[in-house]
$ cat query29.cif   # mmCIF, C-alpha atoms (C1' of nucleotides)
data_coords
#
loop_
_atom_site.group_PDB
_atom_site.id
_atom_site.type_symbol
_atom_site.label_atom_id
_atom_site.label_comp_id
_atom_site.auth_asym_id
_atom_site.auth_seq_id
_atom_site.Cartn_x
_atom_site.Cartn_y
_atom_site.Cartn_z
ATOM 1 C CA MET A 1 89.095 85.919 133.405
ATOM 2 C CA GLY A 2 90.777 85.368 130.023
ATOM 3 C CA TYR A 3 93.767 87.114 128.506
ATOM 4 C CA SER A 4 93.940 90.706 127.270
ATOM 5 C CA ILE A 5 95.170 91.462 123.769
ATOM 6 C CA LYS A 6 98.440 92.683 125.287
ATOM 7 C CA THR A 7 99.052 89.362 127.003
ATOM 8 C CA ILE A 8 98.214 87.413 123.868
ATOM 9 C CA ALA A 9 100.520 89.633 121.829
ATOM 10 C CA GLN A 10 103.337 88.801 124.233
ATOM 11 C CA LYS A 11 102.540 85.091 124.314
ATOM 12 C CA SER A 12 102.067 84.693 120.567
ATOM 13 C CA GLY A 13 104.740 87.050 119.281
ATOM 14 C CA LEU A 14 102.148 88.772 117.071
ATOM 15 C CA SER A 15 101.563 92.510 117.507
ATOM 16 C CA GLN A 16 98.244 93.815 118.832
ATOM 17 C CA TYR A 17 97.746 95.379 115.407
ATOM 18 C CA THR A 18 98.172 92.012 113.763
ATOM 19 C CA LEU A 19 95.820 90.263 116.166
ATOM 20 C CA ARG A 20 93.096 92.832 115.488
ATOM 21 C CA TYR A 21 93.795 92.632 111.766
ATOM 22 C CA TYR A 22 93.489 88.840 111.887
ATOM 23 C CA GLU A 23 90.175 89.042 113.661
ATOM 24 C CA ARG A 24 88.904 91.666 111.216
ATOM 25 C CA GLU A 25 89.953 89.514 108.271
ATOM 26 C CA GLY A 26 88.464 86.333 109.677
ATOM 27 C CA VAL A 27 91.870 84.717 110.147
ATOM 28 C CA LEU A 28 90.940 84.485 113.814
ATOM 29 C CA PRO A 29 87.368 83.614 114.710
ATOM 30 C CA VAL A 30 85.565 86.460 116.501
ATOM 31 C CA VAL A 31 87.048 86.807 119.976
ATOM 32 C CA ALA A 32 84.874 86.995 123.128
ATOM 33 C CA ARG A 33 84.499 90.406 124.821
ATOM 34 C CA ASP A 34 84.282 91.443 128.463
ATOM 35 C CA VAL A 35 81.732 93.894 129.880
ATOM 36 C CA ASN A 36 83.719 96.843 128.511
ATOM 37 C CA GLY A 37 83.879 95.459 125.014
ATOM 38 C CA ASN A 38 87.527 94.520 125.372
ATOM 39 C CA ARG A 39 88.791 91.313 123.773
ATOM 40 C CA CYS A 40 88.988 88.433 126.177
ATOM 41 C CA PHE A 41 91.072 85.511 124.846
ATOM 42 C CA ASP A 42 91.099 82.017 126.356
ATOM 43 C CA ASP A 43 93.488 79.067 126.121
ATOM 44 C CA GLU A 44 91.634 77.653 123.155
ATOM 45 C CA ASP A 45 92.183 80.927 121.285
ATOM 46 C CA LEU A 46 95.838 80.798 122.208
ATOM 47 C CA GLU A 47 96.106 77.258 120.886
ATOM 48 C CA LEU A 48 94.436 78.281 117.642
ATOM 49 C CA ILE A 49 96.717 81.302 117.284
ATOM 50 C CA SER A 50 99.688 79.021 117.701
ATOM 51 C CA LEU A 51 98.380 76.823 114.864
ATOM 52 C CA ILE A 52 97.770 79.901 112.713
ATOM 53 C CA CYS A 53 101.337 81.099 113.294
ATOM 54 C CA CYS A 54 102.600 77.668 112.420
ATOM 55 C CA LEU A 55 100.655 77.667 109.144
ATOM 56 C CA LYS A 56 101.684 81.214 108.327
ATOM 57 C CA ASP A 57 105.358 80.667 109.124
ATOM 58 C CA THR A 58 105.454 77.617 106.900
ATOM 59 C CA GLY A 59 104.192 79.693 104.018
ATOM 60 C CA MET A 60 100.419 79.390 104.037
ATOM 61 C CA ALA A 61 98.774 82.576 102.761
ATOM 62 C CA ILE A 62 96.474 84.495 105.101
ATOM 63 C CA ALA A 63 93.568 83.898 102.716
ATOM 64 C CA ASP A 64 94.075 80.127 102.934
ATOM 65 C CA ILE A 65 94.335 80.187 106.714
ATOM 66 C CA LYS A 66 91.091 82.122 106.726
ATOM 67 C CA GLN A 67 89.434 79.378 104.697
ATOM 68 C CA PHE A 68 90.750 76.755 107.074
ATOM 69 C CA ILE A 69 89.419 78.658 110.088
ATOM 70 C CA ALA A 70 86.061 79.204 108.394
ATOM 71 C CA LEU A 71 85.650 75.407 108.287
ATOM 72 C CA SER A 72 85.928 75.305 112.093
ATOM 73 C CA LYS A 73 82.621 77.123 112.268
ATOM 74 C CA GLU A 74 80.893 74.373 110.309
ATOM 75 C CA GLY A 75 81.460 71.880 113.088
ATOM 76 C CA SER A 76 82.185 68.198 112.715
ATOM 77 C CA ASP A 77 80.971 67.998 109.095
ATOM 78 C CA ALA A 78 84.010 69.942 108.010
ATOM 79 C CA LEU A 79 86.600 68.019 110.029
ATOM 80 C CA SER A 80 87.621 65.806 107.124
ATOM 81 C CA ASP A 81 88.028 68.874 104.899
ATOM 82 C CA GLN A 82 90.231 70.446 107.546
ATOM 83 C CA CYS A 83 92.287 67.269 107.710
ATOM 84 C CA ARG A 84 92.701 67.304 103.947
ATOM 85 C CA LEU A 85 93.863 70.946 103.950
ATOM 86 C CA LEU A 86 96.380 70.221 106.693
ATOM 87 C CA GLN A 87 97.629 67.182 104.842
ATOM 88 C CA GLU A 88 98.061 69.168 101.635
ATOM 89 C CA HIS A 89 99.928 71.860 103.510
ATOM 90 C CA LYS A 90 102.168 69.296 105.158
ATOM 91 C CA GLN A 91 102.999 68.066 101.662
ATOM 92 C CA HIS A 92 104.026 71.609 100.739
ATOM 93 C CA ILE A 93 106.205 71.885 103.814
ATOM 94 C CA GLU A 94 107.947 68.659 102.967
ATOM 95 C CA GLU A 95 108.586 69.811 99.427
ATOM 96 C CA LYS A 96 110.007 73.019 100.824
ATOM 97 C CA ILE A 97 112.305 71.095 103.121
ATOM 98 C CA GLN A 98 113.619 69.121 100.120
ATOM 99 C CA PHE A 99 114.029 72.320 98.176
ATOM 100 C CA PHE A 100 115.831 74.068 101.018
ATOM 101 C CA GLN A 101 118.156 71.116 101.486
ATOM 102 C CA SER A 102 119.145 71.119 97.835
ATOM 103 C CA PHE A 103 119.633 74.890 97.940
ATOM 104 C CA ALA A 104 121.772 74.605 101.066
ATOM 105 C CA GLN A 105 123.959 72.232 99.058
ATOM 106 C CA LYS A 106 124.106 74.570 96.117
ATOM 107 C CA ILE A 107 125.141 77.407 98.394
ATOM 108 C CA ASP A 108 127.771 75.119 99.896
ATOM 109 C CA HIS A 109 129.259 74.616 96.448
ATOM 110 C CA LYS A 110 129.234 78.349 95.901
ATOM 111 C CA ILE A 111 131.004 78.872 99.212
ATOM 112 C CA ALA A 112 133.668 76.361 98.248
ATOM 113 C CA TYR A 113 134.094 78.053 94.875
ATOM 114 C CA PHE A 114 134.297 81.543 96.364
ATOM 115 C CA SER A 115 136.777 80.297 98.960
ATOM 116 C CA SER A 116 139.036 78.855 96.309
ATOM 117 C CA LEU A 117 138.913 82.141 94.382
ATOM 118 C CA ALA A 118 139.709 84.041 97.576
ATOM 119 C CA ASN A 119 142.698 81.794 98.253
ATOM 120 C CA GLU A 120 143.972 82.186 94.712
ATOM 121 C CA ALA A 121 143.765 85.936 95.055
ATOM 122 C CA LYS A 122 145.651 85.791 98.334
ATOM 123 C CA ALA A 123 148.382 83.601 96.791
ATOM 124 C CA ALA A 124 148.716 85.964 93.831
ATOM 125 C CA ASN A 125 149.145 88.919 96.194
ATOM 126 C CA SER A 126 151.882 87.346 98.319
ATOM 127 C CA MET B 1 125.548 86.085 70.435
ATOM 128 C CA GLY B 2 124.111 85.854 73.932
ATOM 129 C CA TYR B 3 120.562 85.362 75.091
ATOM 130 C CA SER B 4 117.620 87.729 74.739
ATOM 131 C CA ILE B 5 115.560 88.699 77.751
ATOM 132 C CA LYS B 6 112.807 86.407 76.472
ATOM 133 C CA THR B 7 115.122 83.411 76.436
ATOM 134 C CA ILE B 8 116.437 84.191 79.911
ATOM 135 C CA ALA B 9 112.900 84.612 81.209
ATOM 136 C CA GLN B 10 112.115 81.117 79.921
ATOM 137 C CA LYS B 11 115.320 79.597 81.256
ATOM 138 C CA SER B 12 115.144 81.244 84.673
ATOM 139 C CA GLY B 13 111.407 81.147 85.288
ATOM 140 C CA LEU B 14 111.449 84.868 86.099
ATOM 141 C CA SER B 15 109.244 87.201 84.044
ATOM 142 C CA GLN B 16 110.779 89.802 81.729
ATOM 143 C CA TYR B 17 109.305 92.421 84.062
ATOM 144 C CA THR B 18 111.101 90.906 86.994
ATOM 145 C CA LEU B 19 114.414 90.642 85.151
ATOM 146 C CA ARG B 20 114.248 94.334 84.203
ATOM 147 C CA TYR B 21 113.170 95.217 87.725
ATOM 148 C CA TYR B 22 116.123 93.277 89.146
ATOM 149 C CA GLU B 23 118.564 95.059 86.868
ATOM 150 C CA ARG B 24 117.010 98.442 87.723
ATOM 151 C CA GLU B 25 117.262 97.684 91.444
ATOM 152 C CA GLY B 26 120.828 96.423 91.228
ATOM 153 C CA VAL B 27 119.834 92.877 92.090
ATOM 154 C CA LEU B 28 121.330 91.906 88.776
ATOM 155 C CA PRO B 29 124.538 93.648 87.683
ATOM 156 C CA VAL B 30 124.053 95.807 84.586
ATOM 157 C CA VAL B 31 123.512 93.510 81.622
ATOM 158 C CA ALA B 32 125.485 93.898 78.364
ATOM 159 C CA ARG B 33 123.660 95.368 75.345
ATOM 160 C CA ASP B 34 123.818 94.602 71.628
ATOM 161 C CA VAL B 35 124.091 97.267 68.885
ATOM 162 C CA ASN B 36 120.365 98.001 69.190
ATOM 163 C CA GLY B 37 120.500 98.554 72.920
ATOM 164 C CA ASN B 38 118.791 95.248 73.674
ATOM 165 C CA ARG B 39 119.924 93.211 76.681
ATOM 166 C CA CYS B 40 122.336 90.473 75.786
ATOM 167 C CA PHE B 41 122.766 87.890 78.553
ATOM 168 C CA ASP B 42 125.562 85.303 78.660
ATOM 169 C CA ASP B 43 126.026 82.023 80.529
ATOM 170 C CA GLU B 44 127.681 83.781 83.427
ATOM 171 C CA ASP B 45 124.586 85.973 83.833
ATOM 172 C CA LEU B 46 122.418 82.887 83.726
ATOM 173 C CA GLU B 47 124.522 81.254 86.422
ATOM 174 C CA LEU B 48 124.253 84.357 88.572
ATOM 175 C CA ILE B 49 120.482 84.540 88.060
ATOM 176 C CA SER B 50 120.224 80.956 89.178
ATOM 177 C CA LEU B 51 122.118 81.820 92.373
ATOM 178 C CA ILE B 52 119.902 84.864 92.895
ATOM 179 C CA CYS B 53 116.764 82.725 92.535
ATOM 180 C CA CYS B 54 118.223 80.262 94.986
ATOM 181 C CA LEU B 55 118.867 83.003 97.543
ATOM 182 C CA LYS B 56 115.472 84.571 96.976
ATOM 183 C CA ASP B 57 113.581 81.276 97.174
ATOM 184 C CA THR B 58 115.277 80.434 100.441
ATOM 185 C CA GLY B 59 114.042 83.697 101.906
ATOM 186 C CA MET B 60 116.809 86.238 101.336
ATOM 187 C CA ALA B 61 115.355 89.723 100.859
ATOM 188 C CA ILE B 62 115.931 91.492 97.548
ATOM 189 C CA ALA B 63 117.854 94.237 99.380
ATOM 190 C CA ASP B 64 120.286 91.678 100.818
ATOM 191 C CA ILE B 65 120.783 89.972 97.482
ATOM 192 C CA LYS B 66 121.560 93.394 96.063
ATOM 193 C CA GLN B 67 124.257 93.887 98.704
ATOM 194 C CA PHE B 68 125.724 90.510 97.911
ATOM 195 C CA ILE B 69 125.812 91.290 94.190
ATOM 196 C CA ALA B 70 127.341 94.704 94.836
ATOM 197 C CA LEU B 71 130.327 92.943 96.428
ATOM 198 C CA SER B 72 130.948 91.109 93.144
ATOM 199 C CA LYS B 73 131.876 94.436 91.592
ATOM 200 C CA GLU B 74 134.632 94.949 94.143
ATOM 201 C CA GLY B 75 136.601 92.003 92.797
ATOM 202 C CA SER B 76 138.690 89.601 94.809
ATOM 203 C CA ASP B 77 138.948 91.843 97.881
ATOM 204 C CA ALA B 78 135.310 91.191 98.610
ATOM 205 C CA LEU B 79 135.360 87.428 98.102
ATOM 206 C CA SER B 80 135.710 86.650 101.787
ATOM 207 C CA ASP B 81 132.809 88.987 102.578
ATOM 208 C CA GLN B 82 130.706 87.203 99.990
ATOM 209 C CA CYS B 83 131.670 83.881 101.555
ATOM 210 C CA ARG B 84 130.638 85.140 104.948
ATOM 211 C CA LEU B 85 127.249 86.330 103.667
ATOM 212 C CA LEU B 86 126.608 82.988 102.009
ATOM 213 C CA GLN B 87 127.614 81.149 105.148
ATOM 214 C CA GLU B 88 125.277 83.268 107.239
ATOM 215 C CA HIS B 89 122.473 82.653 104.819
ATOM 216 C CA LYS B 90 123.137 78.922 104.850
ATOM 217 C CA GLN B 91 122.799 79.086 108.609
ATOM 218 C CA HIS B 92 119.389 80.697 108.166
ATOM 219 C CA ILE B 93 118.323 78.018 105.729
ATOM 220 C CA GLU B 94 119.337 75.305 108.156
ATOM 221 C CA GLU B 95 117.398 76.945 110.951
ATOM 222 C CA LYS B 96 114.420 77.136 108.659
ATOM 223 C CA ILE B 97 114.717 73.453 107.843
ATOM 224 C CA GLN B 98 114.684 72.656 111.569
ATOM 225 C CA PHE B 99 111.749 74.929 112.060
ATOM 226 C CA PHE B 100 109.813 73.439 109.167
ATOM 227 C CA GLN B 101 110.474 69.928 110.409
ATOM 228 C CA SER B 102 109.136 70.731 113.846
ATOM 229 C CA PHE B 103 106.108 72.440 112.296
ATOM 230 C CA ALA B 104 105.471 69.461 110.042
ATOM 231 C CA GLN B 105 105.352 67.385 113.229
ATOM 232 C CA LYS B 106 103.011 69.800 114.915
ATOM 233 C CA ILE B 107 100.711 69.697 111.914
ATOM 234 C CA ASP B 108 100.885 65.897 112.038
ATOM 235 C CA HIS B 109 99.614 65.983 115.592
ATOM 236 C CA LYS B 110 96.826 68.292 114.536
ATOM 237 C CA ILE B 111 95.893 65.946 111.716
ATOM 238 C CA ALA B 112 95.753 63.023 114.155
ATOM 239 C CA TYR B 113 93.616 65.074 116.514
ATOM 240 C CA PHE B 114 91.232 66.230 113.801
ATOM 241 C CA SER B 115 90.973 62.672 112.484
ATOM 242 C CA SER B 116 90.004 61.350 115.884
ATOM 243 C CA LEU B 117 87.359 64.067 116.197
ATOM 244 C CA ALA B 118 86.059 63.218 112.736
ATOM 245 C CA ASN B 119 85.820 59.527 113.646
ATOM 246 C CA GLU B 120 84.023 60.292 116.864
ATOM 247 C CA ALA B 121 81.521 62.397 114.960
ATOM 248 C CA LYS B 122 80.997 59.587 112.472
ATOM 249 C CA ALA B 123 80.477 57.047 115.273
ATOM 250 C CA ALA B 124 77.998 59.347 116.984
ATOM 251 C CA ASN B 125 76.014 59.671 113.745
ATOM 252 C CA SER B 126 75.749 55.948 113.005
ATOM 253 C "C1'" DT C 1 89.409 114.355 139.806
ATOM 254 C "C1'" DT C 2 92.802 113.872 137.073
ATOM 255 C "C1'" DA C 3 96.745 111.386 135.076
ATOM 256 C "C1'" DG C 4 98.115 107.298 133.073
ATOM 257 C "C1'" DA C 5 97.527 102.863 131.259
ATOM 258 C "C1'" DC C 6 94.755 100.151 128.980
ATOM 259 C "C1'" DC C 7 91.349 99.196 125.554
ATOM 260 C "C1'" DT C 8 88.108 100.231 121.285
ATOM 261 C "C1'" DT C 9 87.001 101.347 116.030
ATOM 262 C "C1'" DA C 10 87.526 103.228 111.362
ATOM 263 C "C1'" DG C 11 90.290 104.200 108.138
ATOM 264 C "C1'" DA C 12 94.741 105.766 106.162
ATOM 265 C "C1'" DG C 13 99.615 104.714 105.240
ATOM 266 C "C1'" DT C 14 103.632 101.628 104.459
ATOM 267 C "C1'" DT C 15 106.682 98.088 102.564
ATOM 268 C "C1'" DA C 16 108.247 94.499 99.560
ATOM 269 C "C1'" DG C 17 108.106 92.678 95.408
ATOM 270 C "C1'" DG C 18 106.556 92.786 91.509
ATOM 271 C "C1'" DT C 19 103.266 93.806 87.158
ATOM 272 C "C1'" DG C 20 101.316 96.544 83.635
ATOM 273 C "C1'" DT C 21 100.950 100.512 80.294
ATOM 274 C "C1'" DA C 22 102.337 103.920 76.979
ATOM 275 C "C1'" DA C 23 105.169 105.539 73.650
ATOM 276 C "C1'" DG C 24 108.835 104.667 70.938
ATOM 277 C "C1'" DT C 25 112.967 102.019 68.265
ATOM 278 C "C1'" DC C 26 114.473 98.476 65.304
ATOM 279 C "C1'" DA C 27 114.726 94.395 62.073
ATOM 280 C "C1'" DA C 28 112.598 90.945 59.444
ATOM 281 C "C1'" DT C 29 109.066 89.735 56.409
ATOM 282 C "C1'" DA C 30 104.534 89.743 53.220
ATOM 283 C "C1'" DT D 1 106.689 99.766 52.170
ATOM 284 C "C1'" DA D 2 103.866 98.583 55.679
ATOM 285 C "C1'" DT D 3 103.143 95.758 59.308
ATOM 286 C "C1'" DT D 4 104.472 92.476 62.809
ATOM 287 C "C1'" DG D 5 106.945 91.261 66.795
ATOM 288 C "C1'" DA D 6 110.546 91.833 70.054
ATOM 289 C "C1'" DC D 7 112.713 94.963 72.357
ATOM 290 C "C1'" DT D 8 113.484 99.688 74.996
ATOM 291 C "C1'" DT D 9 112.397 103.315 78.906
ATOM 292 C "C1'" DA D 10 109.728 105.808 82.315
ATOM 293 C "C1'" DC D 11 106.389 105.616 85.215
ATOM 294 C "C1'" DA D 12 101.962 104.143 87.201
ATOM 295 C "C1'" DC D 13 99.604 100.559 89.420
ATOM 296 C "C1'" DC D 14 98.773 96.318 92.227
ATOM 297 C "C1'" DT D 15 98.583 92.860 96.147
ATOM 298 C "C1'" DA D 16 99.617 90.941 100.587
ATOM 299 C "C1'" DA D 17 100.360 91.705 105.046
ATOM 300 C "C1'" DC D 18 100.698 94.495 108.077
ATOM 301 C "C1'" DT D 19 101.232 99.118 110.808
ATOM 302 C "C1'" DC D 20 99.919 103.375 112.361
ATOM 303 C "C1'" DT D 21 96.818 107.388 113.588
ATOM 304 C "C1'" DA D 22 92.928 109.683 115.371
ATOM 305 C "C1'" DA D 23 89.342 109.989 118.356
ATOM 306 C "C1'" DG D 24 87.359 108.166 121.933
ATOM 307 C "C1'" DG D 25 85.795 104.902 126.198
ATOM 308 C "C1'" DT D 26 86.987 102.769 130.835
ATOM 309 C "C1'" DC D 27 89.495 101.706 134.945
ATOM 310 C "C1'" DT D 28 92.751 102.492 138.747
ATOM 311 C "C1'" DA D 29 95.862 104.781 141.805
ATOM 312 C "C1'" DA D 30 97.438 109.350 143.898
#
$ encode --input "query29.cif" --output "structure tokens"
Amino acid sequence: MGYSIKTIAQKSGLSQYTLRYYEREGVLPVVARDVNGNRCFDDEDLELISLICCLKDTGMAIADIKQFIALSKEGSDALSDQCRLLQEHKQHIEEKIQFFQSFAQKIDHKIAYFSSLANEAKAANS
Amino acid sequence: MGYSIKTIAQKSGLSQYTLRYYEREGVLPVVARDVNGNRCFDDEDLELISLICCLKDTGMAIADIKQFIALSKEGSDALSDQCRLLQEHKQHIEEKIQFFQSFAQKIDHKIAYFSSLANEAKAANS
DNA sequence: TTAGACCTTAGAGTTAGGTGTAAGTCAATA
DNA sequence: TATTGACTTACACCTAACTCTAAGGTCTAA
């Protein structure tokens, strides 16, 4: 009979607050309700939430995710737009990976430099 | 005779507001002043700012950068601590790279899936 | 039949990280 | 000498992304 918000919070790693906030903001499409008005998530929702987390954690702003999700409501006409957005975002991720790799190197150099200073200081003290 | 805040803003890509904010917050060590009380940056400052940007852009929080910078004031005793912090942060960066790579893949799968849906829709329309 | 666990909404509060404004100092220039 | 432009401080304001609170509804087990 679908998942409660508590279950989805556990499965997704998002808090219940965040899930409600996402629905309110249109980051999540409106979630189905049971007879008591309680949210009733299904596996498709869970899959979508996983994609949303993936986009968010790779640096996509909430507002942009919202736009992406809004396209889902327009059906198959919008599929190519959704593809384009994903492709653009993938480009960003790849740039970030490059960037992070070069920064990891830079930090490596710093570590080497700091180590040599630390060793000098040790030698001077002995 | 050193660089003005304007020059450093241009060279670093940070705004003057941000540079002042960083100094205020202790993210930057206190900057030297000229006879008029104006900030007077040198190449060492510029080098440090570049490291700070690198740490920030790879996801280190301002508060943690501040801690790292504070250790600089303790001289050579703190060098090994600074090394350790950098090493830990490099670890984080490498995890992030992994993470981003796996997410890029996931997004690739999504793109393939959305493309196939888009093609189906096109075929159905023709 | 009441206690406890779960859910709901509306709306306020928080945090990080800036960004902008106001009022003033100083030095060079028309 | 008056104005222009760059700088200063103190402090207020802003945005994104949550996070919490209050007040209440519903279900289940003792």
$ interface_residues --input "query29.cif" --of "chain C" --to "chain B" --cutoff "12 Å" --atoms "all atoms listed in the file" --output "number ranges by chain"
C: 16-20, 25-27
$ write_last_selection --input "query29.cif" --atoms "C-alpha atoms (C1' of nucleotides)" --output "PDB file, in the coordinates of the input"
ATOM      1  C1'  DA C  16     108.247  94.499  99.560  1.00  0.00           C
ATOM      2  C1'  DG C  17     108.106  92.678  95.408  1.00  0.00           C
ATOM      3  C1'  DG C  18     106.556  92.786  91.509  1.00  0.00           C
ATOM      4  C1'  DT C  19     103.266  93.806  87.158  1.00  0.00           C
ATOM      5  C1'  DG C  20     101.316  96.544  83.635  1.00  0.00           C
ATOM      6  C1'  DT C  25     112.967 102.019  68.265  1.00  0.00           C
ATOM      7  C1'  DC C  26     114.473  98.476  65.304  1.00  0.00           C
ATOM      8  C1'  DA C  27     114.726  94.395  62.073  1.00  0.00           C
TER       9       DA C  27
END
$ resolve_selection --input "query29.cif" --expression "the PyMOL selection byres ((chain C and resi 4) around 10)" --output "PyMOL selection string"
(chain C and resi 2-3+5-6) or (chain D and resi 28-29)
$ calpha_fit_and_write --input "query29.cif" --fixed "chain A" --moving "chain B" --output "short mmCIF file (atom, residue, chain, number, x, y, z; two decimals) with C-alpha atoms, keeping the file's coordinate frame"
data_model
loop_
_atom_site.label_atom_id
_atom_site.label_comp_id
_atom_site.auth_asym_id
_atom_site.auth_seq_id
_atom_site.Cartn_x
_atom_site.Cartn_y
_atom_site.Cartn_z
CA MET B 1 88.91 85.84 133.33
CA GLY B 2 90.69 85.29 130.03
CA TYR B 3 93.63 87.09 128.52
CA SER B 4 93.82 90.68 127.29
CA ILE B 5 95.06 91.45 123.81
CA LYS B 6 98.31 92.69 125.36
CA THR B 7 98.92 89.37 127.07
CA ILE B 8 98.14 87.41 123.91
CA ALA B 9 100.44 89.66 121.90
CA GLN B 10 103.24 88.81 124.34
CA LYS B 11 102.45 85.10 124.40
CA SER B 12 102.03 84.73 120.64
CA GLY B 13 104.71 87.11 119.41
CA LEU B 14 102.15 88.82 117.16
CA SER B 15 101.55 92.55 117.60
CA GLN B 16 98.21 93.86 118.89
CA TYR B 17 97.75 95.41 115.44
CA THR B 18 98.20 92.06 113.81
CA LEU B 19 95.83 90.29 116.20
CA ARG B 20 93.10 92.86 115.48
CA TYR B 21 93.85 92.66 111.78
CA TYR B 22 93.55 88.87 111.88
CA GLU B 23 90.20 89.05 113.65
CA ARG B 24 88.96 91.70 111.19
CA GLU B 25 90.05 89.55 108.24
CA GLY B 26 88.54 86.37 109.64
CA VAL B 27 91.92 84.75 110.15
CA LEU B 28 91.00 84.51 113.79
CA PRO B 29 87.39 83.62 114.66
CA VAL B 30 85.57 86.46 116.43
CA VAL B 31 87.03 86.80 119.91
CA ALA B 32 84.82 86.94 123.03
CA ARG B 33 84.40 90.33 124.76
CA ASP B 34 84.14 91.33 128.42
CA VAL B 35 81.52 93.75 129.81
CA ASN B 36 83.53 96.72 128.52
CA GLY B 37 83.75 95.38 124.99
CA ASN B 38 87.42 94.46 125.36
CA ARG B 39 88.70 91.26 123.74
CA CYS B 40 88.90 88.37 126.13
CA PHE B 41 91.00 85.48 124.82
CA ASP B 42 91.02 81.98 126.33
CA ASP B 43 93.43 79.05 126.11
CA GLU B 44 91.61 77.63 123.13
CA ASP B 45 92.17 80.91 121.26
CA LEU B 46 95.82 80.80 122.21
CA GLU B 47 96.10 77.26 120.89
CA LEU B 48 94.45 78.29 117.65
CA ILE B 49 96.74 81.32 117.30
CA SER B 50 99.70 79.04 117.73
CA LEU B 51 98.42 76.84 114.90
CA ILE B 52 97.80 79.91 112.75
CA CYS B 53 101.37 81.13 113.35
CA CYS B 54 102.64 77.69 112.46
CA LEU B 55 100.72 77.69 109.18
CA LYS B 56 101.74 81.25 108.38
CA ASP B 57 105.42 80.69 109.20
CA THR B 58 105.51 77.65 106.97
CA GLY B 59 104.26 79.75 104.08
CA MET B 60 100.47 79.40 104.07
CA ALA B 61 98.84 82.59 102.78
CA ILE B 62 96.55 84.53 105.10
CA ALA B 63 93.64 83.92 102.71
CA ASP B 64 94.14 80.14 102.96
CA ILE B 65 94.40 80.22 106.73
CA LYS B 66 91.15 82.15 106.73
CA GLN B 67 89.50 79.39 104.70
CA PHE B 68 90.80 76.78 107.08
CA ILE B 69 89.48 78.70 110.09
CA ALA B 70 86.12 79.23 108.40
CA LEU B 71 85.70 75.44 108.29
CA SER B 72 85.99 75.33 112.09
CA LYS B 73 82.68 77.16 112.27
CA GLU B 74 80.95 74.40 110.32
CA GLY B 75 81.51 71.90 113.12
CA SER B 76 82.23 68.23 112.72
CA ASP B 77 81.02 68.02 109.11
CA ALA B 78 84.06 69.97 108.03
CA LEU B 79 86.64 68.05 110.05
CA SER B 80 87.66 65.84 107.15
CA ASP B 81 88.06 68.90 104.92
CA GLN B 82 90.26 70.49 107.56
CA CYS B 83 92.31 67.30 107.72
CA ARG B 84 92.73 67.34 103.98
CA LEU B 85 93.89 70.97 103.98
CA LEU B 86 96.41 70.26 106.71
CA GLN B 87 97.66 67.21 104.87
CA GLU B 88 98.09 69.21 101.68
CA HIS B 89 99.94 71.89 103.55
CA LYS B 90 102.20 69.32 105.19
CA GLN B 91 103.02 68.10 101.71
CA HIS B 92 104.04 71.63 100.78
CA ILE B 93 106.22 71.92 103.85
CA GLU B 94 107.96 68.67 103.00
CA GLU B 95 108.60 69.82 99.46
CA LYS B 96 110.02 73.02 100.85
CA ILE B 97 112.32 71.10 103.15
CA GLN B 98 113.62 69.13 100.16
CA PHE B 99 114.03 72.31 98.21
CA PHE B 100 115.85 74.07 101.03
CA GLN B 101 118.18 71.12 101.50
CA SER B 102 119.14 71.11 97.85
CA PHE B 103 119.63 74.88 97.94
CA ALA B 104 121.78 74.62 101.05
CA GLN B 105 123.96 72.23 99.05
CA LYS B 106 124.10 74.56 96.10
CA ILE B 107 125.14 77.40 98.37
CA ASP B 108 127.78 75.11 99.86
CA HIS B 109 129.24 74.60 96.42
CA LYS B 110 129.23 78.33 95.86
CA ILE B 111 131.01 78.86 99.16
CA ALA B 112 133.68 76.33 98.17
CA TYR B 113 134.07 78.03 94.81
CA PHE B 114 134.31 81.51 96.29
CA SER B 115 136.80 80.26 98.88
CA SER B 116 139.04 78.82 96.21
CA LEU B 117 138.91 82.10 94.30
CA ALA B 118 139.73 84.00 97.48
CA ASN B 119 142.72 81.74 98.14
CA GLU B 120 143.98 82.13 94.62
CA ALA B 121 143.77 85.89 94.96
CA LYS B 122 145.67 85.73 98.23
CA ALA B 123 148.38 83.53 96.69
CA ALA B 124 148.70 85.89 93.73
CA ASN B 125 149.17 88.84 96.10
CA SER B 126 151.89 87.27 98.24
#
$ residues_around --input "query29.cif" --residues "region 1-5 of chain D" --least-positions-apart "2" --cutoff "10 Å" --atoms "only C-alpha atoms (C1' of nucleotides)" --output "ChimeraX atom specification"
/C:27-30 /D:7
$ write_last_selection --input "query29.cif" --atoms "C-alpha atoms (C1' of nucleotides)" --output "mmCIF file, keeping the file's coordinate frame"
data_model
loop_
_atom_site.group_PDB
_atom_site.id
_atom_site.type_symbol
_atom_site.label_atom_id
_atom_site.label_comp_id
_atom_site.auth_asym_id
_atom_site.auth_seq_id
_atom_site.Cartn_x
_atom_site.Cartn_y
_atom_site.Cartn_z
ATOM 1 C "C1'" DA C 27 114.726 94.395 62.073
ATOM 2 C "C1'" DA C 28 112.598 90.945 59.444
ATOM 3 C "C1'" DT C 29 109.066 89.735 56.409
ATOM 4 C "C1'" DA C 30 104.534 89.743 53.220
ATOM 5 C "C1'" DC D 7 112.713 94.963 72.357
#
$ resolve_selection --input "query29.cif" --expression "the PyMOL selection byres ((chain B) within 6 of (chain A))" --output "PyMOL selection string"
chain B and resi 79+83+90+97+104+111+118
$ interface_residues --input "query29.cif" --of "chain D" --to "chain A" --cutoff "9 Å" --atoms "all atoms listed in the file" --output "VMD selection string"
chain D and resid 16 to 20 25 to 26
$ resolve_selection --input "query29.cif" --expression "the PyMOL selection byres ((chain D and resi 9-11) around 10)" --output "count of residues only"
7
